[in-house]
file model_36.csv (CSV, C-alpha atoms)
chain,number,residue,atom,x,y,z
A,1,MET,CA,-139.5,-20.2,-21.3
A,2,ALA,CA,-136.7,-18.0,-20.1
A,3,ASP,CA,-137.4,-15.6,-23.0
A,4,PHE,CA,-141.0,-15.2,-21.8
A,5,ASP,CA,-140.2,-14.9,-18.1
A,6,SER,CA,-137.6,-12.0,-18.6
A,7,ASN,CA,-138.9,-8.5,-18.5
A,8,PRO,CA,-137.5,-6.5,-21.4
A,9,PHE,CA,-138.4,-3.3,-19.6
A,10,ALA,CA,-136.7,-4.1,-16.3
A,11,ASP,CA,-133.5,-2.3,-15.1
A,12,PRO,CA,-130.5,-4.7,-15.7
A,13,GLU,CA,-128.8,-3.6,-12.5
A,14,GLU,CA,-131.8,-4.5,-10.3
A,15,ILE,CA,-132.0,-8.1,-11.6
A,16,ASN,CA,-128.1,-8.6,-11.5
A,17,PRO,CA,-127.3,-10.6,-8.3
A,18,PHE,CA,-123.6,-9.5,-8.5
A,19,ALA,CA,-124.7,-5.9,-8.3
A,20,ASP,CA,-125.1,-6.2,-4.5
A,21,PRO,CA,-122.3,-4.2,-2.8
A,22,SER,CA,-121.5,-7.0,-0.4
A,23,VAL,CA,-121.0,-9.4,-3.2
A,24,ARG,CA,-118.8,-7.0,-5.0
A,25,GLN,CA,-116.6,-6.6,-1.9
A,26,VAL,CA,-116.1,-10.3,-1.6
A,27,THR,CA,-115.4,-10.8,-5.3
A,28,GLY,CA,-112.7,-8.1,-5.4
A,29,GLY,CA,-114.6,-4.9,-5.8
A,30,SER,CA,-115.3,-5.3,-9.6
A,31,THR,CA,-116.8,-7.8,-11.8
A,32,GLY,CA,-113.7,-7.9,-14.0
A,33,ALA,CA,-111.2,-8.9,-11.3
A,34,ARG,CA,-110.3,-12.5,-10.5
A,35,PRO,CA,-111.8,-13.8,-7.3
A,36,ALA,CA,-109.3,-14.3,-4.5
A,37,THR,CA,-109.7,-18.0,-3.9
A,38,LEU,CA,-107.2,-20.8,-3.1
A,39,ASP,CA,-107.3,-22.0,-6.7
A,40,ASN,CA,-106.0,-18.7,-7.9
A,41,TYR,CA,-103.6,-17.9,-5.1
A,42,ASN,CA,-99.9,-17.8,-6.1
A,43,PRO,CA,-97.5,-17.3,-3.2
A,44,PHE,CA,-94.6,-16.5,-5.5
A,45,GLU,CA,-96.5,-13.7,-7.2
A,46,GLU,CA,-95.4,-10.2,-6.4
A,47,LYS,CA,-97.9,-7.9,-4.8
A,48,SER,CA,-97.4,-5.2,-7.4
A,49,SER,CA,-97.3,-6.4,-11.0
A,50,ALA,CA,-96.2,-3.0,-12.1
A,51,SER,CA,-92.8,-3.3,-10.4
A,52,ARG,CA,-92.1,-6.6,-12.1
A,53,THR,CA,-90.3,-6.5,-15.4
A,54,VAL,CA,-90.9,-9.5,-17.6
A,55,PRO,CA,-88.3,-10.1,-20.2
A,56,THR,CA,-89.7,-10.2,-23.7
A,57,ARG,CA,-88.6,-12.8,-26.1
A,58,PRO,CA,-87.8,-11.2,-29.5
A,59,PRO,CA,-89.9,-12.5,-32.3
A,60,PRO,CA,-88.2,-15.2,-34.5
A,61,PRO,CA,-86.7,-13.8,-37.7
A,62,THR,CA,-88.8,-14.3,-40.7
A,63,ALA,CA,-87.5,-15.9,-43.8
A,64,GLY,CA,-85.5,-13.5,-46.0
A,65,SER,CA,-84.9,-11.1,-43.2
A,66,SER,CA,-81.3,-9.9,-42.9
A,67,ARG,CA,-81.7,-8.1,-39.6
A,68,PRO,CA,-79.5,-9.8,-36.9
A,69,VAL,CA,-81.2,-11.1,-33.8
A,70,GLU,CA,-80.7,-8.8,-30.8
A,71,PRO,CA,-79.6,-10.5,-27.6
A,72,GLN,CA,-82.1,-10.9,-24.9
A,73,GLN,CA,-82.0,-8.0,-22.4
A,74,TYR,CA,-82.5,-8.6,-18.7
A,75,PRO,CA,-83.2,-5.9,-16.3
A,76,GLN,CA,-80.7,-5.1,-13.6
A,77,SER,CA,-82.8,-6.9,-10.9
A,78,GLN,CA,-82.6,-10.2,-12.9
A,79,GLN,CA,-78.7,-10.3,-13.0
A,80,PRO,CA,-77.1,-13.5,-11.5
A,81,ALA,CA,-76.2,-13.1,-7.8
A,82,VAL,CA,-72.4,-12.8,-7.1
A,83,MET,CA,-71.3,-13.6,-3.5
A,84,GLN,CA,-68.8,-11.0,-2.2
A,85,PRO,CA,-66.0,-12.3,0.1
A,86,THR,CA,-66.6,-11.4,3.7
A,87,MET,CA,-62.9,-11.5,4.7
A,88,GLU,CA,-59.6,-11.1,3.1
A,89,PRO,CA,-57.5,-14.3,2.4
A,90,PRO,CA,-54.7,-14.9,4.9
A,91,ALA,CA,-51.4,-13.4,3.8
A,92,TYR,CA,-48.9,-16.1,3.3
A,93,SER,CA,-45.5,-15.4,4.6
A,94,LYS,CA,-42.8,-15.8,2.0
A,95,GLN,CA,-40.4,-18.6,2.7
A,96,PRO,CA,-36.8,-17.6,2.9
A,97,PRO,CA,-34.7,-19.0,0.0
A,98,PRO,CA,-32.5,-22.0,1.0
A,99,PRO,CA,-29.0,-21.0,1.8
A,100,SER,CA,-26.7,-21.4,-1.1
A,101,ILE,CA,-23.9,-24.0,-0.7
A,102,SER,CA,-20.6,-23.4,-2.3
A,103,ASN,CA,-18.8,-26.0,-4.4
A,104,GLU,CA,-16.0,-26.2,-1.8
A,105,GLU,CA,-18.6,-27.2,0.9
A,106,LEU,CA,-20.1,-29.8,-1.4
A,107,LEU,CA,-16.7,-31.3,-2.1
A,108,ARG,CA,-15.8,-31.3,1.6
A,109,ARG,CA,-19.1,-33.2,2.4
A,110,GLN,CA,-18.5,-35.6,-0.4
A,111,GLU,CA,-15.0,-36.4,0.8
A,112,GLU,CA,-16.2,-36.9,4.3
A,113,LEU,CA,-18.9,-39.3,3.1
A,114,GLU,CA,-16.4,-41.2,1.0
A,115,ARG,CA,-14.0,-41.5,4.0
A,116,LYS,CA,-16.8,-42.8,6.3
A,117,ALA,CA,-17.8,-45.3,3.6
A,118,ALA,CA,-14.3,-46.5,3.3
A,119,GLU,CA,-14.0,-47.0,7.0
A,120,LEU,CA,-17.2,-49.0,7.1
A,121,GLN,CA,-16.1,-51.1,4.2
A,122,LYS,CA,-12.8,-51.8,5.9
A,123,LYS,CA,-14.5,-52.9,9.1
A,124,GLU,CA,-16.9,-55.1,7.1
A,125,ASP,CA,-13.9,-56.7,5.4
A,126,GLU,CA,-12.2,-57.3,8.7
A,127,LEU,CA,-15.3,-59.0,10.2
A,128,ARG,CA,-15.8,-61.1,7.0
A,129,ASN,CA,-12.2,-62.3,6.8
A,130,ARG,CA,-11.7,-62.8,10.5
A,131,THR,CA,-11.4,-66.5,11.5
A,132,PRO,CA,-13.2,-67.5,14.7
A,133,GLY,CA,-11.0,-67.5,17.8
A,134,LYS,CA,-8.1,-65.7,16.0
A,135,ARG,CA,-7.7,-62.0,16.1
A,136,GLU,CA,-4.9,-59.9,14.9
A,137,ASN,CA,-3.5,-57.5,17.5
A,138,ASN,CA,-4.0,-53.8,16.7
A,139,TRP,CA,-3.0,-52.0,19.9
A,140,PRO,CA,-0.8,-50.0,20.5
A,141,PRO,CA,-0.8,-48.7,17.0
A,142,VAL,CA,2.9,-48.7,16.0
A,143,PRO,CA,4.4,-47.9,12.6
A,144,GLY,CA,5.4,-50.7,10.3
A,145,PHE,CA,9.2,-50.1,10.6
A,146,CYS,CA,9.0,-50.6,14.4
A,147,PRO,CA,10.5,-53.9,15.4
A,148,VAL,CA,7.9,-54.3,18.2
A,149,GLY,CA,4.3,-54.9,17.0
A,150,PRO,CA,1.0,-54.5,18.7
A,151,CYS,CA,0.4,-56.5,21.8
A,152,PHE,CA,-3.4,-56.5,22.3
A,153,TYR,CA,-6.5,-56.6,20.2
A,154,GLN,CA,-9.0,-53.8,20.9
A,155,ASP,CA,-12.1,-52.8,19.1
A,156,ILE,CA,-14.8,-51.2,21.3
A,157,ASP,CA,-17.4,-51.0,18.6
A,158,VAL,CA,-17.2,-54.7,17.9
A,159,ASP,CA,-16.4,-56.3,21.3
A,160,ILE,CA,-18.4,-54.2,23.7
A,161,PRO,CA,-22.2,-54.1,23.9
A,162,LEU,CA,-23.8,-50.8,23.0
A,163,GLU,CA,-24.9,-49.9,26.5
A,164,TYR,CA,-21.4,-50.3,27.9
A,165,ARG,CA,-19.4,-48.6,25.2
A,166,LYS,CA,-19.6,-45.2,26.8
A,167,ILE,CA,-18.0,-46.3,30.1
A,168,ILE,CA,-15.3,-48.2,28.3
A,169,LYS,CA,-14.4,-45.1,26.2
A,170,MET,CA,-14.4,-43.0,29.4
A,171,GLY,CA,-12.0,-45.4,31.0
A,172,TYR,CA,-9.7,-45.3,27.9
A,173,TYR,CA,-9.6,-41.5,27.9
A,174,LEU,CA,-9.0,-41.5,31.6
A,175,TRP,CA,-6.0,-43.8,31.1
A,176,ILE,CA,-4.6,-41.4,28.4
A,177,PHE,CA,-5.2,-38.4,30.8
A,178,TYR,CA,-3.4,-40.3,33.6
A,179,VAL,CA,-0.4,-41.0,31.4
A,180,GLY,CA,-0.2,-37.4,30.4
A,181,THR,CA,-0.3,-36.3,34.0
A,182,LEU,CA,2.6,-38.6,34.8
A,183,LEU,CA,4.6,-37.1,31.9
A,184,ILE,CA,4.0,-33.6,33.1
A,185,ASN,CA,4.9,-34.6,36.6
A,186,PHE,CA,8.2,-35.9,35.3
A,187,LEU,CA,8.8,-32.5,33.7
A,188,GLY,CA,7.8,-30.7,36.8
A,189,SER,CA,10.2,-32.9,38.9
A,190,LEU,CA,13.0,-32.0,36.4
A,191,ALA,CA,12.2,-28.3,36.9
A,192,TYR,CA,12.2,-28.8,40.6
A,193,LEU,CA,15.6,-30.4,40.5
A,194,ILE,CA,17.1,-27.7,38.3
A,195,SER,CA,15.7,-24.9,40.5
A,196,GLU,CA,16.4,-26.3,44.0
A,197,GLY,CA,19.0,-29.0,43.7
A,198,GLY,CA,19.8,-31.3,46.6
A,199,SER,CA,18.9,-34.8,47.5
A,200,ASP,CA,15.1,-34.3,47.9
A,201,PRO,CA,14.6,-32.9,44.4
A,202,ALA,CA,16.9,-35.6,43.0
A,203,THR,CA,14.8,-38.3,44.7
A,204,THR,CA,11.6,-36.8,43.5
A,205,PHE,CA,13.0,-36.7,39.9
A,206,GLY,CA,14.1,-40.3,40.0
A,207,VAL,CA,10.9,-41.6,41.5
A,208,SER,CA,8.8,-39.6,39.0
A,209,LEU,CA,10.8,-41.3,36.1
A,210,VAL,CA,10.1,-44.7,37.6
A,211,PHE,CA,6.4,-43.8,37.9
A,212,LEU,CA,6.2,-42.8,34.3
A,213,LEU,CA,7.9,-46.0,33.1
A,214,ILE,CA,6.1,-48.4,35.4
A,215,PHE,CA,2.6,-47.0,35.9
A,216,THR,CA,2.0,-46.3,32.2
A,217,PRO,CA,2.0,-50.0,31.0
A,218,CYS,CA,0.8,-51.4,34.4
A,219,SER,CA,-2.2,-49.2,34.5
A,220,PHE,CA,-3.3,-50.3,31.1
A,221,ILE,CA,-2.7,-54.0,31.8
A,222,CYS,CA,-3.9,-54.1,35.4
A,223,TRP,CA,-7.1,-52.0,35.4
A,224,TYR,CA,-8.1,-51.0,31.9
A,225,ARG,CA,-7.8,-54.4,30.3
A,226,PRO,CA,-9.8,-56.1,33.1
A,227,LEU,CA,-12.4,-53.4,32.7
A,228,TYR,CA,-12.5,-54.1,28.9
A,229,LYS,CA,-12.7,-57.9,29.4
A,230,ALA,CA,-15.3,-57.5,32.2
A,231,PHE,CA,-17.8,-55.8,29.9
A,232,ARG,CA,-16.9,-57.8,26.9
A,233,SER,CA,-17.6,-61.2,28.3
A,234,ASP,CA,-19.5,-60.3,31.6
A,235,SER,CA,-16.6,-61.6,33.7
A,236,SER,CA,-17.0,-61.3,37.5
A,237,PHE,CA,-13.3,-62.1,38.1
A,238,ASN,CA,-12.2,-59.2,35.9
A,239,PHE,CA,-14.6,-56.9,37.7
A,240,PHE,CA,-13.0,-57.6,41.0
A,241,VAL,CA,-9.5,-57.2,39.6
A,242,PHE,CA,-10.5,-53.8,38.2
A,243,PHE,CA,-12.0,-52.7,41.5
A,244,PHE,CA,-8.9,-53.6,43.5
A,245,VAL,CA,-6.3,-52.1,41.2
A,246,PHE,CA,-8.3,-49.0,40.3
A,247,PHE,CA,-9.0,-48.2,44.0
A,248,CYS,CA,-5.2,-48.5,44.7
A,249,GLN,CA,-4.5,-46.1,41.8
A,250,MET,CA,-7.0,-43.6,43.2
A,251,CYS,CA,-5.3,-43.7,46.6
A,252,VAL,CA,-1.9,-43.2,44.8
A,253,CYS,CA,-3.3,-40.2,42.9
A,254,VAL,CA,-4.4,-38.6,46.2
A,255,LEU,CA,-0.9,-39.0,47.6
A,256,LEU,CA,0.7,-37.6,44.5
A,257,ALA,CA,-1.7,-34.7,44.5
A,258,ILE,CA,-0.6,-33.8,48.1
A,259,GLY,CA,3.0,-33.8,46.9
A,260,ILE,CA,5.0,-35.1,49.9
A,261,VAL,CA,8.7,-34.3,49.3
A,262,GLY,CA,10.7,-37.3,48.1
A,263,THR,CA,7.6,-39.3,46.9
A,264,GLY,CA,8.1,-38.6,43.2
A,265,SER,CA,5.4,-35.9,42.9
A,266,CYS,CA,5.4,-32.2,42.5
A,267,GLY,CA,2.1,-31.8,44.3
A,268,TRP,CA,0.6,-29.0,46.4
A,269,LEU,CA,3.3,-29.1,49.1
A,270,VAL,CA,6.2,-28.8,46.6
A,271,ALA,CA,4.3,-26.1,44.7
A,272,ILE,CA,3.7,-24.0,47.8
A,273,GLY,CA,7.4,-24.4,48.8
A,274,LEU,CA,8.5,-23.0,45.5
A,275,THR,CA,6.1,-20.1,45.5
A,276,GLY,CA,8.0,-16.8,45.7
A,277,GLN,CA,11.4,-18.4,44.9
A,278,HIS,CA,11.2,-19.9,41.5
A,279,ILE,CA,8.1,-18.7,39.6
A,280,GLY,CA,8.4,-20.9,36.5
A,281,ALA,CA,8.9,-24.2,38.5
A,282,ALA,CA,6.2,-23.2,40.9
A,283,ILE,CA,3.7,-22.7,38.1
A,284,LEU,CA,4.6,-26.0,36.6
A,285,CYS,CA,4.2,-27.7,40.0
A,286,TYR,CA,0.8,-26.1,40.5
A,287,ILE,CA,-0.3,-27.5,37.1
A,288,VAL,CA,0.8,-31.0,38.2
A,289,SER,CA,-1.1,-30.6,41.5
A,290,ILE,CA,-4.3,-29.7,39.7
A,291,LEU,CA,-3.9,-32.6,37.2
A,292,PHE,CA,-3.4,-35.1,39.9
A,293,THR,CA,-6.4,-33.7,41.8
A,294,ILE,CA,-8.6,-34.0,38.7
A,295,THR,CA,-7.3,-37.5,38.1
A,296,ALA,CA,-8.3,-38.6,41.7
A,297,ILE,CA,-11.7,-37.1,41.3
A,298,LEU,CA,-12.3,-38.8,37.9
A,299,ASP,CA,-11.1,-42.1,39.4
A,300,GLY,CA,-13.7,-41.9,42.1
A,301,PHE,CA,-16.4,-41.1,39.5
A,302,ILE,CA,-15.5,-44.0,37.2
A,303,LEU,CA,-15.2,-46.4,40.1
A,304,LYS,CA,-18.8,-45.5,41.3
A,305,LYS,CA,-20.1,-45.7,37.7
A,306,VAL,CA,-18.6,-49.1,37.1
A,307,HIS,CA,-19.8,-50.4,40.4
A,308,SER,CA,-23.4,-49.4,39.6
A,309,LEU,CA,-23.2,-51.2,36.2
A,310,TYR,CA,-21.6,-54.2,37.9
A,311,ARG,CA,-24.6,-54.5,40.2
A,312,SER,CA,-26.9,-54.5,37.2
A,313,THR,CA,-25.0,-57.2,35.3
A,314,GLY,CA,-25.6,-59.9,37.9
A,315,ALA,CA,-21.9,-60.5,38.7
A,316,SER,CA,-21.0,-61.8,42.1
A,317,PHE,CA,-18.0,-63.0,44.2
A,318,ALA,CA,-19.1,-66.6,43.8
A,319,LYS,CA,-19.0,-66.3,40.0
A,320,ALA,CA,-15.6,-64.7,40.3
A,321,GLN,CA,-14.2,-67.7,42.3
A,322,GLN,CA,-15.7,-70.1,39.8
A,323,GLU,CA,-14.2,-68.3,36.9
A,324,PHE,CA,-10.8,-68.1,38.6
A,325,THR,CA,-10.9,-71.9,39.3
A,326,THR,CA,-12.0,-72.7,35.8
A,327,GLY,CA,-9.3,-70.5,34.3
A,328,VAL,CA,-6.5,-71.9,36.4
A,329,ILE,CA,-7.5,-75.5,35.7
A,330,SER,CA,-7.9,-74.9,32.0
A,331,ASN,CA,-4.7,-72.9,31.6
A,332,GLU,CA,-2.1,-75.0,29.8
A,333,SER,CA,0.9,-73.2,31.4
A,334,VAL,CA,-0.4,-73.7,34.9
A,335,ARG,CA,-1.1,-77.4,34.2
A,336,ASN,CA,2.4,-77.9,32.8
A,337,ALA,CA,4.0,-76.1,35.8
A,338,ALA,CA,1.9,-78.1,38.2
A,339,GLY,CA,2.9,-81.4,36.4
A,340,ALA,CA,6.6,-80.4,36.5
A,341,ALA,CA,6.3,-79.7,40.2
A,342,VAL,CA,4.6,-83.0,40.9
A,343,THR,CA,7.2,-84.9,38.8
A,344,SER,CA,10.2,-83.2,40.5
A,345,ALA,CA,8.7,-83.8,43.9
A,346,ALA,CA,8.1,-87.5,43.1
A,347,THR,CA,11.6,-87.8,41.7
A,348,GLY,CA,13.2,-86.2,44.8
A,349,GLY,CA,11.2,-88.4,47.1
A,350,GLY,CA,12.2,-91.5,45.3
A,351,GLY,CA,15.8,-90.6,45.3
A,352,ARG,CA,15.8,-90.1,49.1
A,353,MET,CA,14.3,-93.5,49.6
call {"tool": "encode", "arguments": {"input": "model_36.csv", "output": "structure tokens"}}
result
Amino acid sequence: MADFDSNPFADPEEINPFADPSVRQVTGGSTGARPATLDNYNPFEEKSSASRTVPTRPPPPTAGSSRPVEPQQYPQSQQPAVMQPTMEPPAYSKQPPPPSISNEELLRRQEELERKAAELQKKEDELRNRTPGKRENNWPPVPGFCPVGPCFYQDIDVDIPLEYRKIIKMGYYLWIFYVGTLLINFLGSLAYLISEGGSDPATTFGVSLVFLLIFTPCSFICWYRPLYKAFRSDSSFNFFVFFFVFFCQMCVCVLLAIGIVGTGSCGWLVAIGLTGQHIGAAILCYIVSILFTITAILDGFILKKVHSLYRSTGASFAKAQQEFTTGVISNESVRNAAGAAVTSAATGGGGRM
């Protein structure tokens, strides 16, 4: 039927419905172009196909062909992207080389370590071999050929708690400084006697000798040992003994620093009197005056420091009385003396009757 209805003499452009200009404009302007529909839309397709270069795959080599396969060529636009660094890496500073240590320095350090290790081992052996309640005296350190041996036991690192070791060492060094001051005062009194002569310099020299011989052991026994025992066993009685004796020593040092003539000291007054007459003796007396002044100041500092620690330990006068009573009653010598006194009294009373 279609063959009979078509007009073989009609113009093909007139009967073509796509020949209409409006239809051609919608369909892309030509009958050969693809219609711009959603089915044919590719968002990744470039607008201009002429600017895109598609790599061509070389044909596979045929059998019997000896021509090598050329590598696939990619255009410059298809090269892999390489990120360029935006900033330079931080410049690392070179570490200085470690200082070189000589062999002598290494040997010296090794000897020091060995010496400390030997001292620690010795202390450990002493603590291990020590029997409870029995300690071997080690102070003063005297040579073995001396007929008189040590009289006291003293080991600050073992007996004294850690928080009180500093004040005990300060007290020990102060005692050494005090003894040295007494020795220089004796030499200054000798220079004073030689330069001036007379009864007053002779008296000063004799009293200074007595001070050196008496105050040296008495200061150690009467205030340093009580200070040591007070912090070793938290003894209130020893605290009070230290306060009393040490305050008296501070007052004596003030008087010796003044240097009243005939009191056994070459203090400020004696030094001023020798100024302009005997330069050597005056200089030595000035040194003695300065040392006694420093000793008095250090005595006041140590006294204040010990008193503040005493308040923190909980010691009191009542505890000191209790310790004194307990110590007197438990002392075997005191009990024997009291028993002998009671016996003699009873014997004498019985004889009179």
call {"tool": "residues_around", "arguments": {"input": "model_36.csv", "residues": "Pro141 of chain A", "least_positions_apart": "6", "cutoff": "12 Å", "atoms": "all atoms listed in the file", "output": "PDB file with C-alpha atoms, in the coordinates of the input"}}
result
ATOM      1  CA  VAL A 148       7.900 -54.300  18.200  1.00  0.00           C
ATOM      2  CA  GLY A 149       4.300 -54.900  17.000  1.00  0.00           C
ATOM      3  CA  PRO A 150       1.000 -54.500  18.700  1.00  0.00           C
ATOM      4  CA  CYS A 151       0.400 -56.500  21.800  1.00  0.00           C
ATOM      5  CA  PHE A 152      -3.400 -56.500  22.300  1.00  0.00           C
ATOM      6  CA  TYR A 153      -6.500 -56.600  20.200  1.00  0.00           C
ATOM      7  CA  GLN A 154      -9.000 -53.800  20.900  1.00  0.00           C
TER       8      GLN A 154
END
call {"tool": "atom_distance", "arguments": {"input": "model_36.csv", "atom1": "atom CA of Gln277 of chain A", "atom2": "atom CA of Thr203 of chain A"}}
result
20.2 Å
call {"tool": "closest_residue", "arguments": {"input": "model_36.csv", "among": "A:Ala320, A:Ile279, A:Leu227, A:Ile258", "to": "Phe246 of chain A", "atoms": "only C-alpha atoms"}}
result
A:Leu227
call {"tool": "residues_around", "arguments": {"input": "model_36.csv", "residues": "segment 161-169 of chain A", "least_positions_apart": "4", "cutoff": "12 Å", "atoms": "only C-alpha atoms", "output": "VMD selection string"}}
result
chain A and resid 154 to 157 173 to 176 223 to 234 301 to 310 312 to 313
call {"tool": "atom_distance", "arguments": {"input": "model_36.csv", "atom1": "atom CA of Cys251 of chain A", "atom2": "atom CA of Ala282 of chain A"}}
result
24.2 Å
call {"tool": "closest_residue", "arguments": {"input": "model_36.csv", "among": "A:Thr216, A:Ser289, A:Gln110, A:Asn138", "to": "Ala271 of chain A", "atoms": "only C-alpha atoms"}}
result
A:Ser289
call {"tool": "closest_atom_pairs", "arguments": {"input": "model_36.csv", "of": "segment 239-266 of chain A", "to": "segment 185-197 of chain A", "cutoff": "10 Å", "atoms": "all atoms listed in the file", "output": "CSV"}}
result
residue,atom,partner,partner_atom,distance
A:Leu256,CA,A:Asn185,CA,9.4
A:Gly264,CA,A:Ser189,CA,7.4
A:Ser265,CA,A:Asn185,CA,6.5
A:Cys266,CA,A:Ser189,CA,6.0
call {"tool": "closest_residue", "arguments": {"input": "model_36.csv", "among": "A:Asp200, A:Glu124, A:Glu323, A:Asp299", "to": "Cys248 of chain A", "atoms": "only C-alpha atoms"}}
result
A:Asp299
call {"tool": "atom_distance", "arguments": {"input": "model_36.csv", "atom1": "atom CA of Ser235 of chain A", "atom2": "atom CA of Phe220 of chain A"}}
result
17.6 Å
call {"tool": "closest_residue", "arguments": {"input": "model_36.csv", "among": "A:Pro201, A:Gly300, A:Pro217, A:Gly144", "to": "Gly273 of chain A", "atoms": "all atoms listed in the file"}}
result
A:Pro201
call {"tool": "residues_around", "arguments": {"input": "model_36.csv", "residues": "Ala318 of chain A", "least_positions_apart": "6", "cutoff": "12 Å", "atoms": "only C-alpha atoms", "output": "PDB file with C-alpha atoms, in the frame of the given file"}}
result
ATOM      1  CA  SER A 235     -16.600 -61.600  33.700  1.00  0.00           C
ATOM      2  CA  SER A 236     -17.000 -61.300  37.500  1.00  0.00           C
ATOM      3  CA  PHE A 237     -13.300 -62.100  38.100  1.00  0.00           C
ATOM      4  CA  PHE A 240     -13.000 -57.600  41.000  1.00  0.00           C
ATOM      5  CA  PHE A 324     -10.800 -68.100  38.600  1.00  0.00           C
ATOM      6  CA  THR A 325     -10.900 -71.900  39.300  1.00  0.00           C
TER       7      THR A 325
END
